file run-v4.cif (mmCIF, C-alpha atoms)
data_input
loop_
_atom_site.group_PDB
_atom_site.id
_atom_site.type_symbol
_atom_site.label_atom_id
_atom_site.label_comp_id
_atom_site.auth_asym_id
_atom_site.auth_seq_id
_atom_site.Cartn_x
_atom_site.Cartn_y
_atom_site.Cartn_z
ATOM 1 C CA MET A 743 38.079 -157.666 67.117
ATOM 2 C CA ARG A 744 37.891 -154.042 66.126
ATOM 3 C CA GLU A 745 36.016 -153.152 62.976
ATOM 4 C CA ARG A 746 39.023 -151.783 61.134
ATOM 5 C CA GLN A 747 41.045 -154.924 61.893
ATOM 6 C CA LEU A 748 38.221 -157.049 60.530
ATOM 7 C CA LEU A 749 38.060 -154.884 57.408
ATOM 8 C CA GLY A 750 41.822 -155.293 57.050
ATOM 9 C CA TYR A 751 41.464 -159.072 57.168
ATOM 10 C CA LEU A 752 38.633 -158.956 54.649
ATOM 11 C CA TYR A 753 40.294 -156.655 52.124
ATOM 12 C CA ALA A 754 43.625 -158.480 52.275
ATOM 13 C CA THR A 755 41.865 -161.823 51.905
ATOM 14 C CA CYS A 756 39.678 -160.724 48.982
ATOM 15 C CA TRP A 757 42.489 -159.068 47.048
ATOM 16 C CA SER A 758 44.886 -161.929 47.786
ATOM 17 C CA VAL A 759 42.471 -164.708 46.821
ATOM 18 C CA SER A 760 41.495 -162.799 43.658
ATOM 19 C CA MET A 761 44.960 -163.537 42.270
ATOM 20 C CA TYR A 762 44.392 -167.302 42.145
ATOM 21 C CA PRO A 763 41.444 -167.798 39.730
ATOM 22 C CA PRO A 764 43.351 -166.395 36.693
ATOM 23 C CA LEU A 765 46.272 -168.716 37.424
ATOM 24 C CA TRP A 766 43.944 -171.701 37.702
ATOM 25 C CA ASN A 767 41.968 -170.750 34.577
ATOM 26 C CA ASN A 768 45.130 -170.454 32.512
ATOM 27 C CA TRP A 769 46.395 -173.796 33.778
ATOM 28 C CA LYS A 770 43.061 -175.503 33.182
ATOM 29 C CA LEU A 771 42.745 -174.104 29.650
ATOM 30 C CA GLN A 772 46.463 -174.556 28.942
ATOM 31 C CA SER A 773 46.414 -171.042 27.533
ATOM 32 C CA ALA A 774 46.751 -167.496 28.827
ATOM 33 C CA LYS A 775 45.238 -165.813 25.773
ATOM 34 C CA ALA A 776 42.393 -164.340 27.857
ATOM 35 C CA VAL A 777 44.835 -162.123 29.772
ATOM 36 C CA SER A 778 46.412 -159.087 28.138
ATOM 37 C CA LYS A 779 50.190 -158.782 28.158
ATOM 38 C CA GLY A 780 49.774 -155.127 28.999
ATOM 39 C CA TYR A 781 47.739 -156.135 32.042
ATOM 40 C CA VAL A 782 50.526 -158.194 33.601
ATOM 41 C CA VAL A 783 53.405 -155.905 32.588
ATOM 42 C CA PHE A 784 51.726 -152.797 34.000
ATOM 43 C CA ASN A 785 50.786 -154.810 37.078
ATOM 44 C CA CYS A 786 54.401 -155.855 37.638
ATOM 45 C CA ILE A 787 55.548 -152.239 37.564
ATOM 46 C CA GLY A 788 52.673 -151.110 39.770
ATOM 47 C CA TYR A 789 53.157 -153.736 42.457
ATOM 48 C CA THR A 790 56.902 -153.153 42.504
ATOM 49 C CA ALA A 791 56.243 -149.460 43.155
ATOM 50 C CA LEU A 792 53.656 -150.279 45.824
ATOM 51 C CA LEU A 793 55.898 -152.753 47.624
ATOM 52 C CA LEU A 794 58.841 -150.361 47.569
ATOM 53 C CA SER A 795 56.633 -147.608 48.986
ATOM 54 C CA LEU A 796 55.601 -149.833 51.895
ATOM 55 C CA ILE A 797 59.220 -150.795 52.588
ATOM 56 C CA VAL A 798 60.422 -147.179 52.467
ATOM 57 C CA GLN A 799 57.680 -146.009 54.838
ATOM 58 C CA THR A 800 58.524 -148.791 57.280
ATOM 59 C CA LEU A 801 62.298 -148.438 57.286
ATOM 60 C CA PHE A 802 62.907 -144.731 56.759
ATOM 61 C CA TRP A 803 60.092 -142.867 58.521
ATOM 62 C CA GLN A 804 61.541 -140.765 61.338
ATOM 63 C CA ASP A 805 60.027 -139.772 64.673
ATOM 64 C CA GLU A 806 60.161 -136.005 64.289
ATOM 65 C CA GLY A 807 57.802 -135.215 67.152
ATOM 66 C CA GLU A 808 54.481 -133.423 67.142
ATOM 67 C CA GLY A 809 55.884 -130.450 65.262
ATOM 68 C CA SER A 810 56.384 -132.438 62.072
ATOM 69 C CA SER A 811 54.286 -131.261 59.135
ATOM 70 C CA ALA A 812 54.453 -134.650 57.404
ATOM 71 C CA VAL A 813 51.456 -136.889 58.088
ATOM 72 C CA ARG A 814 52.368 -140.562 58.102
ATOM 73 C CA PRO A 815 50.125 -142.696 55.870
ATOM 74 C CA SER A 816 47.935 -145.198 57.679
ATOM 75 C CA LEU A 817 49.365 -148.697 57.229
ATOM 76 C CA GLY A 818 48.603 -152.072 58.771
ATOM 77 C CA TRP A 819 49.827 -155.631 58.440
ATOM 78 C CA SER A 820 47.155 -156.238 55.788
ATOM 79 C CA ASP A 821 48.790 -153.655 53.518
ATOM 80 C CA TYR A 822 52.142 -155.436 53.731
ATOM 81 C CA TRP A 823 50.612 -158.868 53.190
ATOM 82 C CA TYR A 824 48.595 -157.653 50.219
ATOM 83 C CA GLY A 825 51.600 -155.901 48.659
ATOM 84 C CA MET A 826 54.033 -158.806 48.982
ATOM 85 C CA HIS A 827 51.551 -161.548 48.120
ATOM 86 C CA SER A 828 50.193 -159.700 45.081
ATOM 87 C CA TRP A 829 53.687 -158.912 43.815
ATOM 88 C CA LEU A 830 54.633 -162.587 43.943
ATOM 89 C CA LEU A 831 51.383 -163.897 42.449
ATOM 90 C CA ASN A 832 51.387 -161.335 39.651
ATOM 91 C CA GLY A 833 54.915 -162.417 38.797
ATOM 92 C CA LEU A 834 53.580 -165.949 38.480
ATOM 93 C CA LEU A 835 50.717 -164.750 36.270
ATOM 94 C CA ALA A 836 53.172 -162.789 34.134
ATOM 95 C CA SER A 837 55.192 -165.962 33.600
ATOM 96 C CA GLN A 838 52.058 -167.661 32.258
ATOM 97 C CA VAL A 839 51.154 -164.801 29.934
ATOM 98 C CA LEU A 840 54.622 -163.886 28.677
ATOM 99 C CA TRP A 841 56.333 -167.283 28.635
ATOM 100 C CA GLY A 842 53.439 -169.730 28.839
ATOM 101 C CA SER A 843 54.657 -172.119 26.153
ATOM 102 C CA LYS A 844 58.235 -172.246 27.451
ATOM 103 C CA LEU A 845 57.651 -172.356 31.203
ATOM 104 C CA TRP A 846 54.184 -173.870 31.501
ATOM 105 C CA GLY A 847 53.888 -175.933 28.352
ATOM 106 C CA PHE A 848 50.819 -174.037 27.154
ATOM 107 C CA SER A 849 49.812 -174.964 23.639
ATOM 108 C CA GLY A 850 46.969 -172.511 23.089
ATOM 109 C CA GLU A 851 47.064 -169.424 20.914
ATOM 110 C CA PRO A 852 49.477 -166.906 22.484
ATOM 111 C CA THR A 853 48.338 -163.532 23.731
ATOM 112 C CA LYS A 854 48.797 -160.639 21.300
ATOM 113 C CA ARG A 855 51.958 -158.573 21.638
ATOM 114 C CA MET A 856 51.849 -155.348 23.593
ATOM 115 C CA SER A 857 51.021 -152.347 21.447
ATOM 116 C CA SER A 858 53.726 -149.775 20.751
ATOM 117 C CA ALA A 859 51.798 -147.262 22.875
ATOM 118 C CA HIS A 860 51.836 -149.649 25.824
ATOM 119 C CA ARG A 861 55.551 -150.282 25.380
ATOM 120 C CA LYS A 862 56.240 -146.543 25.354
ATOM 121 C CA MET A 863 54.145 -146.053 28.495
ATOM 122 C CA THR A 864 56.072 -148.862 30.158
ATOM 123 C CA GLN A 865 59.383 -147.207 29.309
ATOM 124 C CA LEU A 866 58.099 -143.807 30.451
ATOM 125 C CA PHE A 867 57.044 -144.986 33.889
ATOM 126 C CA ILE A 868 60.124 -147.119 34.413
ATOM 127 C CA GLY A 869 62.046 -143.926 33.670
ATOM 128 C CA LEU A 870 59.902 -141.977 36.151
ATOM 129 C CA PHE A 871 60.500 -144.680 38.741
ATOM 130 C CA CYS A 872 64.275 -144.456 38.232
ATOM 131 C CA VAL A 873 64.327 -140.642 38.319
ATOM 132 C CA GLY A 874 62.172 -140.487 41.453
ATOM 133 C CA THR A 875 64.320 -143.069 43.207
ATOM 134 C CA ALA A 876 67.553 -141.301 42.245
ATOM 135 C CA GLN A 877 66.175 -137.966 43.465
ATOM 136 C CA TYR A 878 65.169 -139.468 46.815
ATOM 137 C CA VAL A 879 68.563 -141.119 47.287
ATOM 138 C CA ILE A 880 70.464 -137.929 46.391
ATOM 139 C CA THR A 881 68.266 -135.753 48.622
ATOM 140 C CA THR A 882 68.687 -138.175 51.520
ATOM 141 C CA MET A 883 72.457 -138.223 51.079
ATOM 142 C CA GLN A 884 72.534 -134.423 51.139
ATOM 143 C CA THR A 885 70.081 -133.655 53.955
ATOM 144 C CA GLY A 886 69.610 -136.951 55.775
ATOM 145 C CA LEU A 887 66.324 -138.761 56.240
ATOM 146 C CA ARG A 888 63.414 -136.335 56.316
ATOM 147 C CA ASN A 889 59.777 -137.346 56.433
ATOM 148 C CA GLN A 890 58.738 -134.759 53.857
ATOM 149 C CA SER A 891 61.144 -136.268 51.329
ATOM 150 C CA THR A 892 60.071 -139.791 52.217
ATOM 151 C CA LEU A 893 56.398 -138.882 51.913
ATOM 152 C CA PHE A 894 56.971 -137.198 48.542
ATOM 153 C CA TYR A 895 58.850 -140.228 47.227
ATOM 154 C CA CYS A 896 56.116 -142.562 48.443
ATOM 155 C CA HIS A 897 53.545 -140.352 46.710
ATOM 156 C CA VAL A 898 55.532 -140.729 43.485
ATOM 157 C CA LEU A 899 55.503 -144.506 43.926
ATOM 158 C CA TYR A 900 51.788 -144.549 44.686
ATOM 159 C CA PHE A 901 51.180 -142.325 41.669
ATOM 160 C CA ILE A 902 52.995 -144.868 39.519
ATOM 161 C CA LYS A 903 50.935 -147.676 41.071
ATOM 162 C CA ILE A 904 47.642 -145.870 40.415
ATOM 163 C CA ILE A 905 48.533 -145.011 36.813
ATOM 164 C CA MET A 906 49.716 -148.576 36.238
ATOM 165 C CA SER A 907 46.395 -149.807 37.618
ATOM 166 C CA VAL A 908 44.486 -147.548 35.235
ATOM 167 C CA LEU A 909 46.615 -148.674 32.289
ATOM 168 C CA LYS A 910 46.359 -152.373 33.137
ATOM 169 C CA TYR A 911 42.574 -152.172 33.427
ATOM 170 C CA ILE A 912 42.338 -150.304 30.120
ATOM 171 C CA ALA A 913 44.638 -152.847 28.455
ATOM 172 C CA GLN A 914 42.489 -155.736 29.657
ATOM 173 C CA ALA A 915 39.213 -154.016 28.750
ATOM 174 C CA LYS A 916 40.600 -153.360 25.262
ATOM 175 C CA HIS A 917 41.731 -156.987 25.034
ATOM 176 C CA ASN A 918 38.237 -158.189 25.971
ATOM 177 C CA TYR A 919 36.713 -155.809 23.429
ATOM 178 C CA GLU A 920 38.974 -157.023 20.628
ATOM 179 C CA ARG A 921 38.158 -160.646 21.454
ATOM 180 C CA LYS A 922 34.465 -159.794 21.929
ATOM 181 C CA SER A 923 34.624 -162.199 24.830
ATOM 182 C CA THR A 924 35.561 -162.533 28.486
ATOM 183 C CA ALA A 925 35.921 -166.320 28.209
ATOM 184 C CA GLY A 926 38.892 -167.439 30.259
ATOM 185 C CA PHE A 927 38.984 -164.143 32.156
ATOM 186 C CA SER A 928 37.880 -164.962 35.691
ATOM 187 C CA MET A 929 34.791 -163.092 36.855
ATOM 188 C CA LEU A 930 35.302 -164.588 40.312
ATOM 189 C CA SER A 931 38.531 -162.616 40.449
ATOM 190 C CA VAL A 932 36.645 -159.473 39.415
ATOM 191 C CA THR A 933 34.033 -160.013 42.130
ATOM 192 C CA LEU A 934 36.680 -160.523 44.809
ATOM 193 C CA ASP A 935 38.489 -157.426 43.544
ATOM 194 C CA ILE A 936 35.339 -155.356 44.000
ATOM 195 C CA PHE A 937 34.789 -156.541 47.556
ATOM 196 C CA GLY A 938 38.465 -155.978 48.312
ATOM 197 C CA GLY A 939 38.180 -152.392 47.097
ATOM 198 C CA ILE A 940 35.089 -151.764 49.218
ATOM 199 C CA PHE A 941 36.683 -153.225 52.357
ATOM 200 C CA SER A 942 39.945 -151.350 51.743
ATOM 201 C CA LEU A 943 38.194 -147.991 51.430
ATOM 202 C CA ALA A 944 36.023 -148.698 54.470
ATOM 203 C CA GLN A 945 39.091 -149.601 56.530
ATOM 204 C CA LEU A 946 40.862 -146.424 55.430
ATOM 205 C CA VAL A 947 37.909 -144.270 56.488
ATOM 206 C CA LEU A 948 37.775 -145.952 59.915
ATOM 207 C CA ASP A 949 41.552 -145.675 60.317
ATOM 208 C CA LEU A 950 41.530 -141.960 59.629
ATOM 209 C CA THR A 951 38.502 -141.379 61.841
ATOM 210 C CA GLU A 952 40.002 -143.218 64.817
ATOM 211 C CA LYS A 953 43.598 -142.032 64.551
ATOM 212 C CA SER A 954 43.798 -138.471 63.307
ATOM 213 C CA GLY A 955 40.451 -137.546 61.830
ATOM 214 C CA ILE A 956 39.575 -136.910 58.220
ATOM 215 C CA SER A 957 41.193 -133.751 56.898
ATOM 216 C CA VAL A 958 42.840 -132.496 53.740
ATOM 217 C CA ALA A 959 46.258 -133.447 55.138
ATOM 218 C CA THR A 960 45.292 -137.008 56.080
ATOM 219 C CA VAL A 961 43.448 -137.599 52.812
ATOM 220 C CA LYS A 962 46.466 -136.301 50.897
ATOM 221 C CA ALA A 963 48.821 -138.521 52.910
ATOM 222 C CA ASN A 964 46.653 -141.559 52.128
ATOM 223 C CA SER A 965 45.756 -140.584 48.567
ATOM 224 C CA GLY A 966 47.616 -143.597 47.182
ATOM 225 C CA LYS A 967 45.526 -146.190 48.979
ATOM 226 C CA LEU A 968 42.385 -144.182 48.295
ATOM 227 C CA GLY A 969 43.166 -143.963 44.591
ATOM 228 C CA ILE A 970 43.930 -147.673 44.256
ATOM 229 C CA GLY A 971 40.605 -148.606 45.852
ATOM 230 C CA LEU A 972 38.555 -146.240 43.698
ATOM 231 C CA VAL A 973 40.260 -147.242 40.446
ATOM 232 C CA SER A 974 39.753 -150.914 41.273
ATOM 233 C CA LEU A 975 36.029 -150.424 41.825
ATOM 234 C CA LEU A 976 35.502 -148.373 38.676
ATOM 235 C CA PHE A 977 37.200 -150.694 36.209
ATOM 236 C CA ASN A 978 35.907 -153.930 37.668
ATOM 237 C CA PHE A 979 32.401 -152.695 36.990
ATOM 238 C CA VAL A 980 33.568 -152.132 33.396
ATOM 239 C CA TYR A 981 34.580 -155.804 33.271
ATOM 240 C CA ILE A 982 31.194 -156.846 34.599
ATOM 241 C CA SER A 983 29.499 -154.822 31.862
ATOM 242 C CA GLN A 984 31.694 -156.564 29.269
ATOM 243 C CA TRP A 985 30.831 -159.954 30.720
ATOM 244 C CA LEU A 986 27.128 -159.150 30.494
ATOM 245 C CA LEU A 987 27.548 -157.882 26.932
ATOM 246 C CA TYR A 988 29.652 -160.712 25.504
ATOM 247 C CA ARG A 989 28.335 -163.799 27.271
#

call {"tool": "encode", "arguments": {"input": "run-v4.cif", "output": "C-alpha cells"}}
result
Amino acid sequence: MRERQLLGYLYATCWSVSMYPPLWNNWKLQSAKAVSKGYVVFNCIGYTALLLSLIVQTLFWQDEGEGSSAVRPSLGWSDYWYGMHSWLLNGLLASQVLWGSKLWGFSGEPTKRMSSAHRKMTQLFIGLFCVGTAQYVITTMQTGLRNQSTLFYCHVLYFIKIIMSVLKYIAQAKHNYERKSTAGFSMLSVTLDIFGGIFSLAQLVLDLTEKSGISVATVKANSGKLGIGLVSLLFNFVYISQWLLYR
C-alpha cells in the first residue's frame, strides 16, 4: 500500500471517528449543553460547502488537455468519504444540540442561544454561498463548462468551509470559556481531530510531490484542503489548553 493511500485511510478514519464521541457523550448525559449552537450551525454550512465542492469537481471538471491553465485539486476517495460522512454526522449532532428535548428527549439544561453576531455571520455566508452559486450557474450557462470557473467556484466553497471552521472553533472555545469547563465536550474527539489534520496535510504533501510537484499553482489549487487541516490543528490545541486549564 502506498504511503499516501495509507495516510488517506488514516485521516479519513480519524476525522470520521471523531464525530462519534460527542454524539455518545450527549446521549449518555442526556444533554447537549457542552456543545455550542454556533459550533453545529457553522459546521452545517461548512460541510455543505465542502460536499458541494467535491461534487462539482467530480461532475463538472473538463479534460482541456495539457494547455489548460487550471490545476485540478488533488482528491481521493478519502476526501469524498470524509465529506459525506461528516455532513451526515454533523447533521445528527445538530439535531441533538438544536432540538435535543424534542427529538432526543434530553432533559438537561439547553445550550445557550446563538449570539446576534453569530446569526449575522450565518446569514452573511449563506448569502455568499447563494451569490457564488448563482454566479457559477450563470457563467456556465453563458460560456459552457470551463475549468477556471469551476476552480474559482470551488475556491469560494472552500473559503466558506475554512471560515466556517474558524467560526465554529471560536464559538466552541467561547462556550467553554463562559462555562469555565470542558465537561461533556469530548477530548477524544479533539485528539482524533488533531491526528486527522496531521495525516491529511501529510497526504496532501505526498500527493503534490508525486503527481505534479509543489509549486505556487498546486498549493493555490489545493489551498482549501491545506487551510482546513491547518485551522483544525490550531484550534484543537486551543481546546487542549482549555481542558488543562479548567479540569

call {"tool": "atom_distance", "arguments": {"input": "run-v4.cif", "atom1": "atom CA of Phe977 of chain A", "atom2": "atom CA of Val908 of chain A"}}
result
8.0 Å

call {"tool": "closest_residue", "arguments": {"input": "run-v4.cif", "among": "A:Lys775, A:Arg746, A:Lys903, A:Lys910", "to": "Ser843 of chain A", "atoms": "all atoms listed in the file"}}
result
A:Lys775

call {"tool": "residues_around", "arguments": {"input": "run-v4.cif", "residues": "segment 978-985 of chain A", "least_positions_apart": "2", "cutoff": "10 Å", "atoms": "all atoms listed in the file", "output": "MDAnalysis selection string"}}
result
chainID A and resid 911:912 914:915 918:919 922:925 927:929 931:936 939 973:976 987:989

call {"tool": "residues_around", "arguments": {"input": "run-v4.cif", "residues": "segment 832-841 of chain A", "least_positions_apart": "6", "cutoff": "8 Å", "atoms": "only C-alpha atoms", "output": "CSV table (one decimal) with C-alpha atoms, in the frame of the given file"}}
result
chain,number,residue,atom,x,y,z
A,761,MET,CA,45.0,-163.5,42.3
A,764,PRO,CA,43.4,-166.4,36.7
A,765,LEU,CA,46.3,-168.7,37.4
A,768,ASN,CA,45.1,-170.5,32.5
A,774,ALA,CA,46.8,-167.5,28.8
A,775,LYS,CA,45.2,-165.8,25.8
A,777,VAL,CA,44.8,-162.1,29.8
A,778,SER,CA,46.4,-159.1,28.1
A,779,LYS,CA,50.2,-158.8,28.2
A,782,VAL,CA,50.5,-158.2,33.6
A,783,VAL,CA,53.4,-155.9,32.6
A,785,ASN,CA,50.8,-154.8,37.1
A,786,CYS,CA,54.4,-155.9,37.6
A,852,PRO,CA,49.5,-166.9,22.5
A,853,THR,CA,48.3,-163.5,23.7

call {"tool": "atom_distance", "arguments": {"input": "run-v4.cif", "atom1": "atom CA of Leu771 of chain A", "atom2": "atom CA of Met826 of chain A"}}
result
27.1 Å

call {"tool": "resolve_selection", "arguments": {"input": "run-v4.cif", "expression": "the PyMOL selection byres ((chain A and resi 799) around 12)", "output": "count of residues only"}}
result
35

call {"tool": "closest_atom_pairs", "arguments": {"input": "run-v4.cif", "of": "segment 753-789 of chain A", "to": "segment 866-886 of chain A", "cutoff": "10 Å", "atoms": "all atoms listed in the file", "output": "Markdown table"}}
result
| residue | atom | partner | partner_atom | distance |
| --- | --- | --- | --- | --- |
| A:Phe784 | CA | A:Phe867 | CA | 9.5 |
| A:Ile787 | CA | A:Ile868 | CA | 7.6 |
| A:Gly788 | CA | A:Phe867 | CA | 9.5 |

call {"tool": "resolve_selection", "arguments": {"input": "run-v4.cif", "expression": "the PyMOL selection byres ((chain A and resi 824) around 9)", "output": "list in words"}}
result
Tyr753, Ala754, Thr755, Trp757, Ser758, Trp819, Ser820, Asp821, Tyr822, Trp823, Gly825, Met826, His827, Ser828 and Trp829 of chain A

call {"tool": "atom_distance", "arguments": {"input": "run-v4.cif", "atom1": "atom CA of Lys967 of chain A", "atom2": "atom CA of Gln865 of chain A"}}
result
24.1 Å

call {"tool": "closest_residue", "arguments": {"input": "run-v4.cif", "among": "A:Ala776, A:Leu830, A:Ile970, A:Leu986", "to": "Gly938 of chain A", "atoms": "all atoms listed in the file"}}
result
A:Ile970

call {"tool": "closest_residue", "arguments": {"input": "run-v4.cif", "among": "A:Leu968, A:Leu748, A:Cys756, A:Leu946", "to": "Phe901 of chain A", "atoms": "all atoms listed in the file"}}
result
A:Leu968

call {"tool": "axis_aligned_box", "arguments": {"input": "run-v4.cif", "around": "segment 853-868 of chain A", "padding_each_side": "5 Å", "output": "lines of an AutoDock Vina configuration file"}}
result
center_x = 54.2
center_y = -153.7
center_z = 27.6
size_x = 21.8
size_y = 29.7
size_z = 23.7

call {"tool": "build_atoms", "arguments": {"input": "run-v4.cif", "residues": "segment 920-937 of chain A", "atoms": "N, CA and C atoms", "output": "PDB file, in the coordinates of the input"}}
result
ATOM      1  N   GLU A 920      38.459-156.500  21.896  1.00  0.00           N
ATOM      2  CA  GLU A 920      38.974-157.023  20.628  1.00  0.00           C
ATOM      3  C   GLU A 920      38.596-158.492  20.440  1.00  0.00           C
ATOM      4  N   ARG A 921      38.550-159.236  21.527  1.00  0.00           N
ATOM      5  CA  ARG A 921      38.158-160.646  21.454  1.00  0.00           C
ATOM      6  C   ARG A 921      36.639-160.805  21.408  1.00  0.00           C
ATOM      7  N   LYS A 922      35.923-159.740  21.787  1.00  0.00           N
ATOM      8  CA  LYS A 922      34.465-159.794  21.929  1.00  0.00           C
ATOM      9  C   LYS A 922      34.066-160.952  22.850  1.00  0.00           C
ATOM     10  N   SER A 923      34.860-161.094  23.911  1.00  0.00           N
ATOM     11  CA  SER A 923      34.624-162.199  24.830  1.00  0.00           C
ATOM     12  C   SER A 923      35.384-161.961  26.132  1.00  0.00           C
ATOM     13  N   THR A 924      34.831-162.492  27.217  1.00  0.00           N
ATOM     14  CA  THR A 924      35.561-162.533  28.486  1.00  0.00           C
ATOM     15  C   THR A 924      35.839-163.985  28.882  1.00  0.00           C
ATOM     16  N   ALA A 925      35.665-164.903  27.935  1.00  0.00           N
ATOM     17  CA  ALA A 925      35.921-166.320  28.209  1.00  0.00           C
ATOM     18  C   ALA A 925      37.368-166.516  28.636  1.00  0.00           C
ATOM     19  N   GLY A 926      37.553-167.213  29.734  1.00  0.00           N
ATOM     20  CA  GLY A 926      38.892-167.439  30.259  1.00  0.00           C
ATOM     21  C   GLY A 926      39.360-166.363  31.219  1.00  0.00           C
ATOM     22  N   PHE A 927      38.658-165.235  31.231  1.00  0.00           N
ATOM     23  CA  PHE A 927      38.984-164.143  32.156  1.00  0.00           C
ATOM     24  C   PHE A 927      38.067-164.292  33.370  1.00  0.00           C
ATOM     25  N   SER A 928      38.648-164.558  34.516  1.00  0.00           N
ATOM     26  CA  SER A 928      37.880-164.962  35.691  1.00  0.00           C
ATOM     27  C   SER A 928      37.012-163.840  36.250  1.00  0.00           C
ATOM     28  N   MET A 929      35.697-164.055  36.241  1.00  0.00           N
ATOM     29  CA  MET A 929      34.791-163.092  36.855  1.00  0.00           C
ATOM     30  C   MET A 929      34.759-163.257  38.374  1.00  0.00           C
ATOM     31  N   LEU A 930      35.161-164.425  38.863  1.00  0.00           N
ATOM     32  CA  LEU A 930      35.302-164.588  40.312  1.00  0.00           C
ATOM     33  C   LEU A 930      36.379-163.646  40.834  1.00  0.00           C
ATOM     34  N   SER A 931      37.458-163.532  40.080  1.00  0.00           N
ATOM     35  CA  SER A 931      38.531-162.616  40.449  1.00  0.00           C
ATOM     36  C   SER A 931      38.031-161.173  40.468  1.00  0.00           C
ATOM     37  N   VAL A 932      37.213-160.820  39.485  1.00  0.00           N
ATOM     38  CA  VAL A 932      36.645-159.473  39.415  1.00  0.00           C
ATOM     39  C   VAL A 932      35.762-159.202  40.631  1.00  0.00           C
ATOM     40  N   THR A 933      34.931-160.171  40.982  1.00  0.00           N
ATOM     41  CA  THR A 933      34.033-160.013  42.130  1.00  0.00           C
ATOM     42  C   THR A 933      34.821-159.828  43.422  1.00  0.00           C
ATOM     43  N   LEU A 934      35.844-160.650  43.613  1.00  0.00           N
ATOM     44  CA  LEU A 934      36.680-160.523  44.809  1.00  0.00           C
ATOM     45  C   LEU A 934      37.407-159.182  44.831  1.00  0.00           C
ATOM     46  N   ASP A 935      37.813-158.718  43.658  1.00  0.00           N
ATOM     47  CA  ASP A 935      38.489-157.426  43.544  1.00  0.00           C
ATOM     48  C   ASP A 935      37.569-156.290  43.987  1.00  0.00           C
ATOM     49  N   ILE A 936      36.306-156.385  43.612  1.00  0.00           N
ATOM     50  CA  ILE A 936      35.339-155.356  44.000  1.00  0.00           C
ATOM     51  C   ILE A 936      35.159-155.325  45.512  1.00  0.00           C
ATOM     52  N   PHE A 937      34.959-156.492  46.103  1.00  0.00           N
ATOM     53  CA  PHE A 937      34.789-156.541  47.556  1.00  0.00           C
ATOM     54  C   PHE A 937      36.057-156.080  48.271  1.00  0.00           C
TER      55      PHE A 937
END
